[in-house]
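Below is one structure; the comments refer to it alone.
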Amino acid sequence: MAEEVRIWKILKEDKLNEIVRGKLDLEKRIHQWLEQDISILSDDLIVIGTEVETDYGGYIDLLCIDSSGDLVIVELKRDKTPREITSQTLDYASWIETLSHEQVIKRAESYLGSTNPLEKVFKEKFDAQLPEVLNESHKMMIVASQIDDSSERIIKYLSDTYGVGINAATFNYFKDDDGSEYLAKVF
């Protein structure tokens, strides 16, 4: 289901000035924004890796853990998603499913650093102890400026029919006349 997002700036005397939607110039920018503040996507995530290499030669853009101790793949695309992004994300999921508790801890601490062990970061973020079982399940999130119809149908089919933990979010980029930039999320 295509979503149209439009934004207006409210001026003096309640006049409206529409902010023009633009193209997000770099996948790298949204990657940096999400790595710095993953709450832009979800309040229930901690980033535990970036550009995580799989055993199959692929690279997961962002690897996260949620408050249940489940891993979440965040795969980013700058513009409209090609339908292959779904199979790429499923391939990554087939790999993270094999990660043991110890492997999750090791990867997280490699990213977070020795002064911020996963247990400490988890406790600070969720005010809870790190679950004894990690990676019992996993989720996948595809993030782009637009989700093409084919990808949307596949995601909906996997999610609705088979209960696969896959979803998509789009970010719309806007820039006004004075150069101010805006980001809007559609889930």
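In the structure tokens, chains take letters A, B, ... by order of appearance, with residues numbered from 1 within each chain and ligands from 1 in the order shown.
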Worksheet item: Got a sec: who's within 6 Å of segment 15-32 of chain A, counting only C-alpha atoms, leaving out chain neighbours fewer than 4 positions off, as an MDAnalysis selection string?
Response: chainID A and resid 7:11 78 173:174 176
Got time to write the residues from that selection, all heavy atoms, as a PDB file, in the first residue's frame?
```pdb
ATOM      1  N   ILE A   7       4.528  17.535   3.869  1.00  0.00           N
ATOM      2  CA  ILE A   7       4.785  18.341   5.058  1.00  0.00           C
ATOM      3  C   ILE A   7       4.655  19.821   4.689  1.00  0.00           C
ATOM      4  O   ILE A   7       5.118  20.252   3.633  1.00  0.00           O
ATOM      5  CB  ILE A   7       6.206  18.083   5.611  1.00  0.00           C
ATOM      6  CG1 ILE A   7       6.332  16.630   6.078  1.00  0.00           C
ATOM      7  CG2 ILE A   7       6.552  19.037   6.739  1.00  0.00           C
ATOM      8  CD1 ILE A   7       7.716  16.264   6.571  1.00  0.00           C
ATOM      9  N   TRP A   8       4.049  20.572   5.614  1.00  0.00           N
ATOM     10  CA  TRP A   8       3.946  22.013   5.450  1.00  0.00           C
ATOM     11  C   TRP A   8       4.559  22.702   6.659  1.00  0.00           C
ATOM     12  O   TRP A   8       4.421  22.236   7.789  1.00  0.00           O
ATOM     13  CB  TRP A   8       2.478  22.452   5.347  1.00  0.00           C
ATOM     14  CG  TRP A   8       1.849  22.067   4.055  1.00  0.00           C
ATOM     15  CD1 TRP A   8       1.745  22.837   2.944  1.00  0.00           C
ATOM     16  CD2 TRP A   8       1.226  20.822   3.736  1.00  0.00           C
ATOM     17  NE1 TRP A   8       1.098  22.146   1.947  1.00  0.00           N
ATOM     18  CE2 TRP A   8       0.780  20.896   2.419  1.00  0.00           C
ATOM     19  CE3 TRP A   8       1.023  19.638   4.440  1.00  0.00           C
ATOM     20  CZ2 TRP A   8       0.121  19.853   1.775  1.00  0.00           C
ATOM     21  CZ3 TRP A   8       0.375  18.592   3.818  1.00  0.00           C
ATOM     22  CH2 TRP A   8      -0.071  18.712   2.498  1.00  0.00           C
ATOM     23  N   LYS A   9       5.198  23.802   6.411  1.00  0.00           N
ATOM     24  CA  LYS A   9       5.722  24.640   7.479  1.00  0.00           C
ATOM     25  C   LYS A   9       4.645  25.690   7.765  1.00  0.00           C
ATOM     26  O   LYS A   9       4.097  26.297   6.847  1.00  0.00           O
ATOM     27  CB  LYS A   9       7.018  25.318   7.018  1.00  0.00           C
ATOM     28  CG  LYS A   9       7.732  26.088   8.087  1.00  0.00           C
ATOM     29  CD  LYS A   9       9.045  26.628   7.516  1.00  0.00           C
ATOM     30  CE  LYS A   9       9.981  27.046   8.601  1.00  0.00           C
ATOM     31  NZ  LYS A   9      11.290  27.430   8.043  1.00  0.00           N
ATOM     32  N   ILE A  10       4.334  25.844   9.058  1.00  0.00           N
ATOM     33  CA  ILE A  10       3.320  26.829   9.448  1.00  0.00           C
ATOM     34  C   ILE A  10       4.027  28.168   9.647  1.00  0.00           C
ATOM     35  O   ILE A  10       4.922  28.298  10.485  1.00  0.00           O
ATOM     36  CB  ILE A  10       2.586  26.390  10.723  1.00  0.00           C
ATOM     37  CG1 ILE A  10       1.929  25.016  10.493  1.00  0.00           C
ATOM     38  CG2 ILE A  10       1.549  27.443  11.128  1.00  0.00           C
ATOM     39  CD1 ILE A  10       1.389  24.375  11.741  1.00  0.00           C
ATOM     40  N   LEU A  11       3.621  29.138   8.863  1.00  0.00           N
ATOM     41  CA  LEU A  11       4.238  30.468   8.902  1.00  0.00           C
ATOM     42  C   LEU A  11       3.391  31.416   9.740  1.00  0.00           C
ATOM     43  O   LEU A  11       2.341  31.039  10.263  1.00  0.00           O
ATOM     44  CB  LEU A  11       4.389  31.000   7.473  1.00  0.00           C
ATOM     45  CG  LEU A  11       5.148  30.085   6.492  1.00  0.00           C
ATOM     46  CD1 LEU A  11       5.056  30.638   5.077  1.00  0.00           C
ATOM     47  CD2 LEU A  11       6.590  29.941   6.926  1.00  0.00           C
ATOM     48  N   ARG A  78      19.066   3.193  -0.266  1.00  0.00           N
ATOM     49  CA  ARG A  78      18.949   4.639  -0.427  1.00  0.00           C
ATOM     50  C   ARG A  78      17.629   5.035  -1.084  1.00  0.00           C
ATOM     51  O   ARG A  78      16.963   5.957  -0.664  1.00  0.00           O
ATOM     52  CB  ARG A  78      20.131   5.155  -1.245  1.00  0.00           C
ATOM     53  CG  ARG A  78      20.021   6.615  -1.598  1.00  0.00           C
ATOM     54  CD  ARG A  78      21.170   7.107  -2.440  1.00  0.00           C
ATOM     55  NE  ARG A  78      21.222   6.398  -3.699  1.00  0.00           N
ATOM     56  CZ  ARG A  78      22.340   6.036  -4.305  1.00  0.00           C
ATOM     57  NH1 ARG A  78      23.493   6.308  -3.789  1.00  0.00           N
ATOM     58  NH2 ARG A  78      22.295   5.394  -5.437  1.00  0.00           N
ATOM     59  N   TYR A 173      12.518  12.181   2.847  1.00  0.00           N
ATOM     60  CA  TYR A 173      13.452  13.280   3.056  1.00  0.00           C
ATOM     61  C   TYR A 173      12.870  14.547   2.448  1.00  0.00           C
ATOM     62  O   TYR A 173      12.381  14.529   1.319  1.00  0.00           O
ATOM     63  CB  TYR A 173      14.780  12.922   2.380  1.00  0.00           C
ATOM     64  CG  TYR A 173      15.785  14.028   2.350  1.00  0.00           C
ATOM     65  CD1 TYR A 173      16.574  14.305   3.451  1.00  0.00           C
ATOM     66  CD2 TYR A 173      15.973  14.783   1.201  1.00  0.00           C
ATOM     67  CE1 TYR A 173      17.522  15.314   3.416  1.00  0.00           C
ATOM     68  CE2 TYR A 173      16.915  15.791   1.154  1.00  0.00           C
ATOM     69  CZ  TYR A 173      17.679  16.051   2.265  1.00  0.00           C
ATOM     70  OH  TYR A 173      18.615  17.054   2.224  1.00  0.00           O
ATOM     71  N   PHE A 174      12.918  15.620   3.219  1.00  0.00           N
ATOM     72  CA  PHE A 174      12.409  16.911   2.765  1.00  0.00           C
ATOM     73  C   PHE A 174      13.449  17.988   3.020  1.00  0.00           C
ATOM     74  O   PHE A 174      14.211  17.911   3.996  1.00  0.00           O
ATOM     75  CB  PHE A 174      11.125  17.292   3.526  1.00  0.00           C
ATOM     76  CG  PHE A 174       9.991  16.330   3.306  1.00  0.00           C
ATOM     77  CD1 PHE A 174       9.861  15.198   4.093  1.00  0.00           C
ATOM     78  CD2 PHE A 174       9.055  16.564   2.314  1.00  0.00           C
ATOM     79  CE1 PHE A 174       8.820  14.307   3.905  1.00  0.00           C
ATOM     80  CE2 PHE A 174       8.004  15.682   2.121  1.00  0.00           C
ATOM     81  CZ  PHE A 174       7.889  14.553   2.914  1.00  0.00           C
ATOM     82  N   ASP A 176      13.661  22.385   2.892  1.00  0.00           N
ATOM     83  CA  ASP A 176      12.912  23.609   2.616  1.00  0.00           C
ATOM     84  C   ASP A 176      13.806  24.657   1.960  1.00  0.00           C
ATOM     85  O   ASP A 176      14.990  24.431   1.711  1.00  0.00           O
ATOM     86  CB  ASP A 176      12.196  24.133   3.863  1.00  0.00           C
ATOM     87  CG  ASP A 176      13.124  24.621   4.956  1.00  0.00           C
ATOM     88  OD1 ASP A 176      14.317  24.837   4.701  1.00  0.00           O
ATOM     89  OD2 ASP A 176      12.641  24.790   6.088  1.00  0.00           O
TER      90      ASP A 176
END
```
Discussion item. Please list as a PyMOL selection string every residue within 9 Å of segment 152-164 of chain A, counting only C-alpha atoms and excluding residues in the same chain fewer than 2 positions away.
Written reply: chain A and resi 1+83+86+139-140+147-150+166-168
Worksheet entry | Test item: residues at most 10 Å from segment 89-100 of chain A, only C-alpha atoms, excluding those fewer than 5 positions along its chain, as a PyMOL selection string | chain A and resi 52-60+63+70-76+84+105-107+133-142+164+166
May I have a table of the residues of segment 70-145 of chain A lying at most 12 Å from segment 177-185 of chain A, giving each one's closest pair of atoms and their distance in Å to one decimal, counting only C-alpha atoms, ordered by chain and ascending residue number, as a tab-separated table?
```
residue	atom	partner	partner_atom	distance
A:Val143	CA	A:Lys185	CA	9.7
A:Ala144	CA	A:Lys185	CA	9.9
A:Ser145	CA	A:Lys185	CA	9.3
```
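Interatomic distance, atom CA of Asn172 of chain A against atom CA of Asp14 of chain A: 24.4 Å.
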Worksheet item: What is the atom CA of Glu119 of chain A to atom CA of Asp66 of chain A distance in Å?
Response: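 So the two atoms, atom CA of Glu119 of chain A and atom CA of Asp66 of chain A, lie 12.7 Å apart.
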Discussion item. Please identify the strand (DSSP E) residues within chain A (assignment by DSSP from backbone atoms) and present them as an MDAnalysis selection string.
Written reply: chainID A and resid 7:10 16:22 45:53 59:66 71:76 138:144 166:175 181:186
Which residues in chain A does DSSP call alpha helix (DSSP H)? List them as an mmCIF file with C-alpha atoms, in the first residue's frame.
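Final output, saved to states-v6.cif:
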```
data_model
loop_
_atom_site.group_PDB
_atom_site.id
_atom_site.type_symbol
_atom_site.label_atom_id
_atom_site.label_comp_id
_atom_site.auth_asym_id
_atom_site.auth_seq_id
_atom_site.Cartn_x
_atom_site.Cartn_y
_atom_site.Cartn_z
ATOM 1 C CA GLU A 27 22.459 5.497 2.036
ATOM 2 C CA LYS A 28 25.449 6.319 4.229
ATOM 3 C CA ARG A 29 23.605 9.261 5.826
ATOM 4 C CA ILE A 30 20.624 7.223 6.962
ATOM 5 C CA HIS A 31 23.042 4.512 8.114
ATOM 6 C CA GLN A 32 24.856 7.089 10.301
ATOM 7 C CA TRP A 33 21.612 8.506 11.672
ATOM 8 C CA LEU A 34 20.286 5.087 12.636
ATOM 9 C CA GLU A 35 23.602 3.983 14.097
ATOM 10 C CA GLN A 36 23.739 7.134 16.235
ATOM 11 C CA GLU A 84 16.065 -8.790 -4.392
ATOM 12 C CA ILE A 85 16.436 -6.898 -1.090
ATOM 13 C CA THR A 86 13.941 -9.325 0.470
ATOM 14 C CA SER A 87 15.940 -12.403 -0.515
ATOM 15 C CA GLN A 88 19.167 -10.710 0.613
ATOM 16 C CA THR A 89 17.626 -9.987 4.019
ATOM 17 C CA LEU A 90 16.305 -13.566 4.300
ATOM 18 C CA ASP A 91 19.802 -14.838 3.472
ATOM 19 C CA TYR A 92 21.203 -12.752 6.349
ATOM 20 C CA ALA A 93 18.496 -14.119 8.638
ATOM 21 C CA SER A 94 19.471 -17.681 7.760
ATOM 22 C CA TRP A 95 22.953 -16.838 9.018
ATOM 23 C CA ILE A 96 22.042 -14.977 12.239
ATOM 24 C CA HIS A 101 24.593 -16.861 22.800
ATOM 25 C CA GLU A 102 28.386 -16.558 23.051
ATOM 26 C CA GLN A 103 28.732 -15.431 19.431
ATOM 27 C CA VAL A 104 26.091 -12.724 19.948
ATOM 28 C CA ILE A 105 27.912 -11.469 23.070
ATOM 29 C CA LYS A 106 31.277 -11.523 21.270
ATOM 30 C CA ARG A 107 29.963 -9.591 18.235
ATOM 31 C CA ALA A 108 28.142 -7.079 20.428
ATOM 32 C CA GLU A 109 31.153 -6.425 22.619
ATOM 33 C CA SER A 110 33.393 -6.102 19.572
ATOM 34 C CA TYR A 111 31.132 -3.256 18.428
ATOM 35 C CA LEU A 112 30.263 -1.736 21.818
ATOM 36 C CA LEU A 118 26.296 -5.841 26.343
ATOM 37 C CA GLU A 119 24.900 -6.607 29.815
ATOM 38 C CA LYS A 120 25.578 -3.016 30.932
ATOM 39 C CA VAL A 121 24.196 -1.392 27.770
ATOM 40 C CA PHE A 122 21.123 -3.644 27.871
ATOM 41 C CA LYS A 123 20.458 -2.795 31.551
ATOM 42 C CA GLU A 124 20.815 0.961 30.859
ATOM 43 C CA LYS A 125 18.534 0.869 27.805
ATOM 44 C CA PHE A 126 15.798 -1.505 28.958
ATOM 45 C CA ASP A 149 5.212 -3.068 -4.949
ATOM 46 C CA SER A 150 6.873 -6.451 -5.425
ATOM 47 C CA SER A 151 8.902 -6.185 -2.205
ATOM 48 C CA GLU A 152 5.838 -5.009 -0.325
ATOM 49 C CA ARG A 153 3.775 -7.985 -1.542
ATOM 50 C CA ILE A 154 6.541 -10.445 -0.593
ATOM 51 C CA ILE A 155 7.006 -8.905 2.869
ATOM 52 C CA LYS A 156 3.253 -8.924 3.503
ATOM 53 C CA TYR A 157 2.944 -12.511 2.294
ATOM 54 C CA LEU A 158 5.784 -13.778 4.504
ATOM 55 C CA SER A 159 4.557 -11.832 7.511
ATOM 56 C CA ASP A 160 0.820 -12.454 7.230
ATOM 57 C CA THR A 161 0.811 -16.007 5.886
ATOM 58 C CA TYR A 162 3.797 -17.533 7.664
#
```
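You can rank A:Thr170, A:Gln129, A:Thr115, A:Thr50 by their closest distance to Ser67 of chain A using only C-alpha atoms, and at the top of that list sits A:Gln129.
One finds atom CA of Ile65 of chain A at 15.8 Å from atom CA of Gly113 of chain A.
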Worksheet item: Which is closer to Pro131 of chain A than all the others in A:Gly69, A:Asp37, A:Glu13, A:Glu51, using only C-alpha atoms?
Response: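 Among the listed residues, A:Gly69 lies closest to Pro131 of chain A.
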